[in-house]
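Data block for target15.txt (compact mmCIF, C-alpha atoms):
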```txt
# COMPACT_ATOMS: atom_id res chain seq x y z
CA PRO K 1 18.02 26.02 6.01
CA GLY K 2 19.52 23.34 8.28
CA GLY K 3 21.57 25.73 10.43
CA ALA K 4 18.52 27.71 11.56
CA TYR K 5 16.57 24.62 12.68
CA GLU K 6 17.03 22.16 15.56
CA ARG K 7 15.64 19.10 13.80
CA GLU K 8 15.40 17.70 10.29
CA LYS K 9 14.01 14.65 8.50
CA GLN K 10 14.39 13.37 4.94
CA LEU K 11 10.84 12.31 4.02
CA MET K 12 11.50 11.13 0.48
CA PRO K 13 14.34 11.65 -2.00
CA GLU K 14 12.87 14.95 -3.22
CA MET K 15 11.63 16.32 0.13
CA LYS K 16 13.22 17.21 3.45
CA ILE K 17 11.68 19.07 6.41
CA PHE K 18 13.36 21.15 9.09
CA TRP K 19 11.69 22.41 12.26
CA ARG K 20 12.06 24.10 15.61
CA VAL K 21 9.75 25.29 18.34
CA GLU K 22 10.07 29.00 18.99
CA GLY K 23 8.01 30.24 21.93
CA GLU K 24 4.45 29.12 21.29
CA SER K 25 4.86 28.40 17.58
CA LEU K 26 6.29 25.81 15.20
CA GLN K 27 8.75 27.05 12.60
CA LEU K 28 8.76 24.61 9.65
CA ALA K 29 10.84 24.57 6.48
CA ILE K 30 10.00 22.29 3.56
CA GLU K 31 12.82 21.81 1.03
CA THR K 32 11.82 20.12 -2.22
CA THR K 33 12.69 19.70 -5.88
CA THR K 34 9.03 19.61 -6.92
CA THR K 35 7.34 22.59 -8.54
CA GLY K 36 3.79 23.92 -8.45
CA TRP K 37 2.82 22.73 -4.96
CA VAL K 38 3.97 20.89 -1.85
CA GLY K 39 1.99 19.48 1.10
CA PHE K 40 2.66 18.42 4.69
CA GLY K 41 0.33 17.10 7.37
CA ILE K 42 0.06 15.89 10.95
CA ALA K 43 -1.41 12.40 10.72
CA GLU K 44 -2.45 10.91 14.05
CA LEU K 45 -3.65 7.75 12.31
CA GLY K 46 -0.61 7.53 10.03
CA GLY K 47 -2.45 8.24 6.77
CA MET K 48 -4.22 11.00 4.94
CA MET K 49 -7.65 10.41 6.50
CA GLY K 50 -8.00 12.56 9.61
CA SER K 51 -4.84 14.56 8.86
CA ASP K 52 -4.26 18.23 9.59
CA ILE K 53 -2.69 19.48 6.34
CA VAL K 54 -0.94 22.58 5.06
CA TYR K 55 -0.04 22.96 1.42
CA VAL K 56 1.64 25.68 -0.59
CA HIS K 57 0.78 26.21 -4.23
CA GLU K 58 1.61 28.59 -7.02
CA ASP K 59 -1.21 30.95 -7.98
CA GLY K 60 -0.15 33.14 -10.86
CA ASP K 61 2.78 35.25 -9.70
CA GLU K 62 2.42 34.42 -6.00
CA TRP K 63 2.53 31.48 -3.63
CA LYS K 64 -0.41 30.73 -1.36
CA VAL K 65 -0.58 28.73 1.85
CA VAL K 66 -3.75 26.72 2.52
CA ASP K 67 -4.57 25.33 5.96
CA SER K 68 -6.76 22.28 5.44
CA HIS K 69 -7.78 18.85 6.71
CA ALA K 70 -8.68 15.49 5.21
CA ALA K 71 -11.89 13.83 6.37
CA ALA K 72 -11.36 11.08 3.78
CA LYS K 73 -8.72 9.92 1.31
CA SER K 74 -9.54 12.73 -1.10
CA VAL K 75 -8.74 16.36 -1.84
CA PRO K 76 -8.26 18.17 1.49
CA THR K 77 -10.99 20.54 2.70
CA THR K 78 -9.91 24.13 3.37
CA ASP K 79 -10.16 25.06 7.06
CA THR K 80 -12.46 27.87 8.14
CA ILE K 81 -9.55 29.57 9.95
CA GLN K 82 -6.19 29.84 8.18
CA ASP K 83 -3.51 29.39 10.87
CA TRP K 84 -0.38 28.74 8.77
CA GLN K 85 1.70 31.67 7.54
CA LEU K 86 4.29 31.72 4.76
CA VAL K 87 7.41 33.32 6.23
CA SER K 88 9.61 33.02 3.14
CA ARG K 89 10.27 31.20 -0.11
CA SER K 90 13.68 30.76 -1.70
CA GLU K 91 15.32 28.84 -4.54
CA ALA K 92 18.90 27.54 -4.71
CA ASP K 93 20.71 24.61 -6.32
CA GLY K 94 17.56 23.25 -8.01
CA LYS K 95 15.58 23.19 -4.75
CA VAL K 96 12.80 25.41 -3.42
CA THR K 97 12.37 26.03 0.31
CA PHE K 98 9.18 27.21 1.95
CA GLU K 99 9.39 28.48 5.52
CA LEU K 100 6.11 28.38 7.42
CA GLN K 101 4.88 29.00 10.95
CA ARG K 102 1.85 28.11 13.05
CA ALA K 103 0.87 28.24 16.73
CA LEU K 104 1.44 24.99 18.65
CA GLU K 105 -2.07 25.31 20.09
CA PRO K 106 -4.38 26.32 17.26
CA CYS K 107 -7.57 28.31 17.76
CA ASP K 108 -9.23 26.23 15.04
CA PRO K 109 -11.10 22.99 15.90
CA GLN K 110 -10.12 21.63 12.47
CA ASP K 111 -6.42 21.73 13.43
CA ARG K 112 -4.42 19.37 15.63
CA PRO K 113 -2.22 20.69 18.44
CA ILE K 114 1.49 20.26 17.82
CA LEU K 115 3.05 18.53 20.81
CA ASP K 116 6.67 19.22 21.73
CA ASN K 117 6.94 16.49 24.34
CA GLY K 118 9.45 14.06 22.80
CA SER K 119 6.76 11.66 21.56
CA PRO K 120 6.82 10.80 17.85
CA THR K 121 4.33 12.53 15.58
CA ARG K 122 3.09 10.81 12.45
CA ILE K 123 3.13 12.93 9.31
CA VAL K 124 2.14 12.77 5.66
CA ALA K 125 3.81 14.60 2.79
CA ALA K 126 3.32 15.09 -0.94
```
Take the structure from the file and write it as structure tokens.
Amino acid sequence: PGGAYEREKQLMPEMKIFWRVEGESLQLAIETTTTGWVGFGIAELGGMMGSDIVYVHEDGDEWKVVDSHAAAKSVPTTDTIQDWQLVSRSEADGKVTFELQRALEPCDPQDRPILDNGSPTRIVAA
């Protein structure tokens, strides 16, 4: 997906993210070799606690996106409002890519705004 995105970051050997800002939304691609589920979060404090998290998991024959947050170092709590959308899912060369989107300014108090101002943003991934 690299050609369609302005920025990319290798988070760990088995996970890479790609992103771009398009209008008032973030377009995010997560490329991974893991199966079953993948998670990504905005972590102001640099760890899971307090993070704004999205994860994608397999549910039978379909893939579901869950917008959530972590109040503690535990299983994330599902947000009341689901802001993330799954745009596409593809598999190639032993990797799966999930393309997601969300508004930069969420309408959900459980979400963090995504700032496109050149400042670094701490993230978590699993």
*State, in Å with one decimal place, the distance from CA of Ile81 in chain K to CA of Gln101 in chain K.*
14.5 Å
Write out as AutoDock Vina command-line options an axis-aligned box for range 70-75 of chain K: all of its atoms listed in the file, 5 Å added on each side, centre and edge lengths in Å with one decimal.
```
--center_x -10.3 --center_y 13.1 --center_z 2.3 --size_x 13.2 --size_y 16.4 --size_z 18.2
```
*Just the residues within 7 Å of Lys9 in chain K, please, counting all atoms listed in the file, with nothing from its chain fewer than 3 positions along; format it as a count of residues only.*
3
_Nearest residue to Tyr5 in chain K out of K:Ala29, K:Gly23, K:Gly118, K:Gly47, using all atoms listed in the file?_
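Smallest separation from Tyr5 in chain K among the options: K:Ala29.
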*Between K:Gln110, K:Thr97, K:Ser74, K:Asn117, which has the minimum distance to Val56 in chain K (counting only C-alpha atoms)?*
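Of the candidates, the smallest distance to Val56 in chain K is held by K:Thr97.
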_Distance query range 59-62 of chain K at most 12 Å, all atoms listed in the file, self and fewer than 5 positions along chain excluded, as JSON, numbers by chain_ = {"K": [35, 36, 37, 86, 88, 89]}
Please produce a file of those selected residues containing C-alpha atoms, as a PDB file, in the frame of the given file.
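New file again_5.pdb:
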```pdb
ATOM      1  CA  THR K  35       7.340  22.590  -8.540  1.00  0.00           C
ATOM      2  CA  GLY K  36       3.790  23.920  -8.450  1.00  0.00           C
ATOM      3  CA  TRP K  37       2.820  22.730  -4.960  1.00  0.00           C
ATOM      4  CA  LEU K  86       4.290  31.720   4.760  1.00  0.00           C
ATOM      5  CA  SER K  88       9.610  33.020   3.140  1.00  0.00           C
ATOM      6  CA  ARG K  89      10.270  31.200  -0.110  1.00  0.00           C
TER       7      ARG K  89
END
```
*When distances are computed from all atoms listed in the file, which of K:Cys107, K:Gln10, K:Thr34, K:Ser68 shows the smallest separation from Gly50 in chain K?*
K:Ser68
_CA of Ile42 in chain K to CA of Val96 in chain K, straight-line distance in Å_ =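 Those two atoms sit 21.4 Å apart.
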*Tell me, as JSON, numbers by chain, which residues lie within 10 Å of His69 in chain K, counting only C-alpha atoms; anything in the same chain fewer than 3 positions away does not count.*
{"K": [41, 42, 43, 48, 49, 50, 51, 52, 53, 54, 66, 72, 75, 76, 77, 78, 79, 110, 111, 112]}
*Restricting the calculation to all atoms listed in the file, which member of K:Ala71, K:Ile30, K:Ala126, K:Leu11 is positioned closest to Lys95 in chain K?*
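Smallest distance to Lys95 in chain K is found for K:Ile30.
Between CA of Leu45 in chain K and CA of Arg7 in chain K the separation is 22.4 Å.
Closest approach to Arg20 in chain K among K:Pro106, K:Ile114, K:Ala70, K:Trp84: K:Ile114, based on all atoms listed in the file.
With distances restricted to all atoms listed in the file, K:Glu31 is the closest residue to Phe98 in chain K from K:Asp116, K:Asp83, K:Asp67, K:Glu31.
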*Exercise: Ser25 in chain K partners within 7 Å, only C-alpha atoms, chain neighbours under 3 positions left out, as a ChimeraX atom specification*: /K:21-22,101-104
Atoms added to range 51-80 of chain K (N, CA and C atoms), reported as a compact mmCIF listing (two decimals), in the frame of the given file:
```txt
# COMPACT_ATOMS: atom_id res chain seq x y z
N SER K 51 -6.04 13.74 8.75
CA SER K 51 -4.84 14.56 8.86
C SER K 51 -5.13 16.05 8.87
N ASP K 52 -4.27 16.78 9.55
CA ASP K 52 -4.26 18.23 9.59
C ASP K 52 -3.19 18.64 8.58
N ILE K 53 -3.58 19.28 7.49
CA ILE K 53 -2.69 19.48 6.34
C ILE K 53 -2.47 20.96 6.03
N VAL K 54 -1.24 21.27 5.63
CA VAL K 54 -0.94 22.58 5.06
C VAL K 54 -0.30 22.31 3.70
N TYR K 55 -0.72 23.07 2.69
CA TYR K 55 -0.04 22.96 1.42
C TYR K 55 0.19 24.35 0.84
N VAL K 56 1.25 24.43 0.04
CA VAL K 56 1.64 25.68 -0.59
C VAL K 56 1.55 25.45 -2.10
N HIS K 57 0.90 26.37 -2.79
CA HIS K 57 0.78 26.21 -4.23
C HIS K 57 0.97 27.54 -4.94
N GLU K 58 1.38 27.43 -6.19
CA GLU K 58 1.61 28.59 -7.02
C GLU K 58 0.28 29.06 -7.58
N ASP K 59 0.02 30.36 -7.47
CA ASP K 59 -1.21 30.95 -7.98
C ASP K 59 -0.83 32.20 -8.76
N GLY K 60 -0.61 32.02 -10.05
CA GLY K 60 -0.15 33.14 -10.86
C GLY K 60 1.27 33.51 -10.48
N ASP K 61 1.46 34.76 -10.07
CA ASP K 61 2.78 35.25 -9.70
C ASP K 61 3.09 35.10 -8.22
N GLU K 62 2.18 34.54 -7.44
CA GLU K 62 2.42 34.42 -6.00
C GLU K 62 2.21 33.00 -5.50
N TRP K 63 2.67 32.77 -4.29
CA TRP K 63 2.53 31.48 -3.63
C TRP K 63 1.53 31.62 -2.50
N LYS K 64 0.62 30.68 -2.40
CA LYS K 64 -0.41 30.73 -1.36
C LYS K 64 -0.29 29.53 -0.44
N VAL K 65 -0.57 29.77 0.83
CA VAL K 65 -0.58 28.73 1.85
C VAL K 65 -2.04 28.42 2.17
N VAL K 66 -2.38 27.13 2.21
CA VAL K 66 -3.75 26.72 2.52
C VAL K 66 -3.72 25.77 3.70
N ASP K 67 -4.39 26.15 4.77
CA ASP K 67 -4.57 25.33 5.96
C ASP K 67 -5.80 24.48 5.71
N SER K 68 -5.65 23.16 5.79
CA SER K 68 -6.76 22.28 5.44
C SER K 68 -6.75 21.00 6.28
N HIS K 69 -7.71 20.14 6.02
CA HIS K 69 -7.78 18.85 6.71
C HIS K 69 -8.41 17.83 5.76
N ALA K 70 -8.16 16.55 6.06
CA ALA K 70 -8.68 15.49 5.21
C ALA K 70 -9.62 14.61 6.03
N ALA K 71 -10.90 14.67 5.70
CA ALA K 71 -11.89 13.83 6.37
C ALA K 71 -11.93 12.46 5.72
N ALA K 72 -11.39 12.35 4.51
CA ALA K 72 -11.36 11.08 3.78
C ALA K 72 -10.10 11.08 2.91
N LYS K 73 -9.86 10.00 2.22
CA LYS K 73 -8.72 9.92 1.31
C LYS K 73 -9.12 10.59 0.00
N SER K 74 -9.11 11.93 0.05
CA SER K 74 -9.54 12.73 -1.10
C SER K 74 -8.88 14.10 -1.00
N VAL K 75 -9.28 14.99 -1.86
CA VAL K 75 -8.74 16.36 -1.84
C VAL K 75 -9.04 16.97 -0.48
N PRO K 76 -8.02 17.57 0.17
CA PRO K 76 -8.26 18.17 1.49
C PRO K 76 -9.29 19.31 1.43
N THR K 77 -10.01 19.48 2.55
CA THR K 77 -10.99 20.54 2.70
C THR K 77 -10.32 21.74 3.36
N THR K 78 -10.51 22.92 2.81
CA THR K 78 -9.91 24.13 3.37
C THR K 78 -10.53 24.44 4.73
N ASP K 79 -9.68 24.71 5.73
CA ASP K 79 -10.16 25.06 7.06
C ASP K 79 -10.85 26.42 7.05
N THR K 80 -11.76 26.59 7.98
CA THR K 80 -12.46 27.87 8.14
C THR K 80 -11.48 28.96 8.56
```
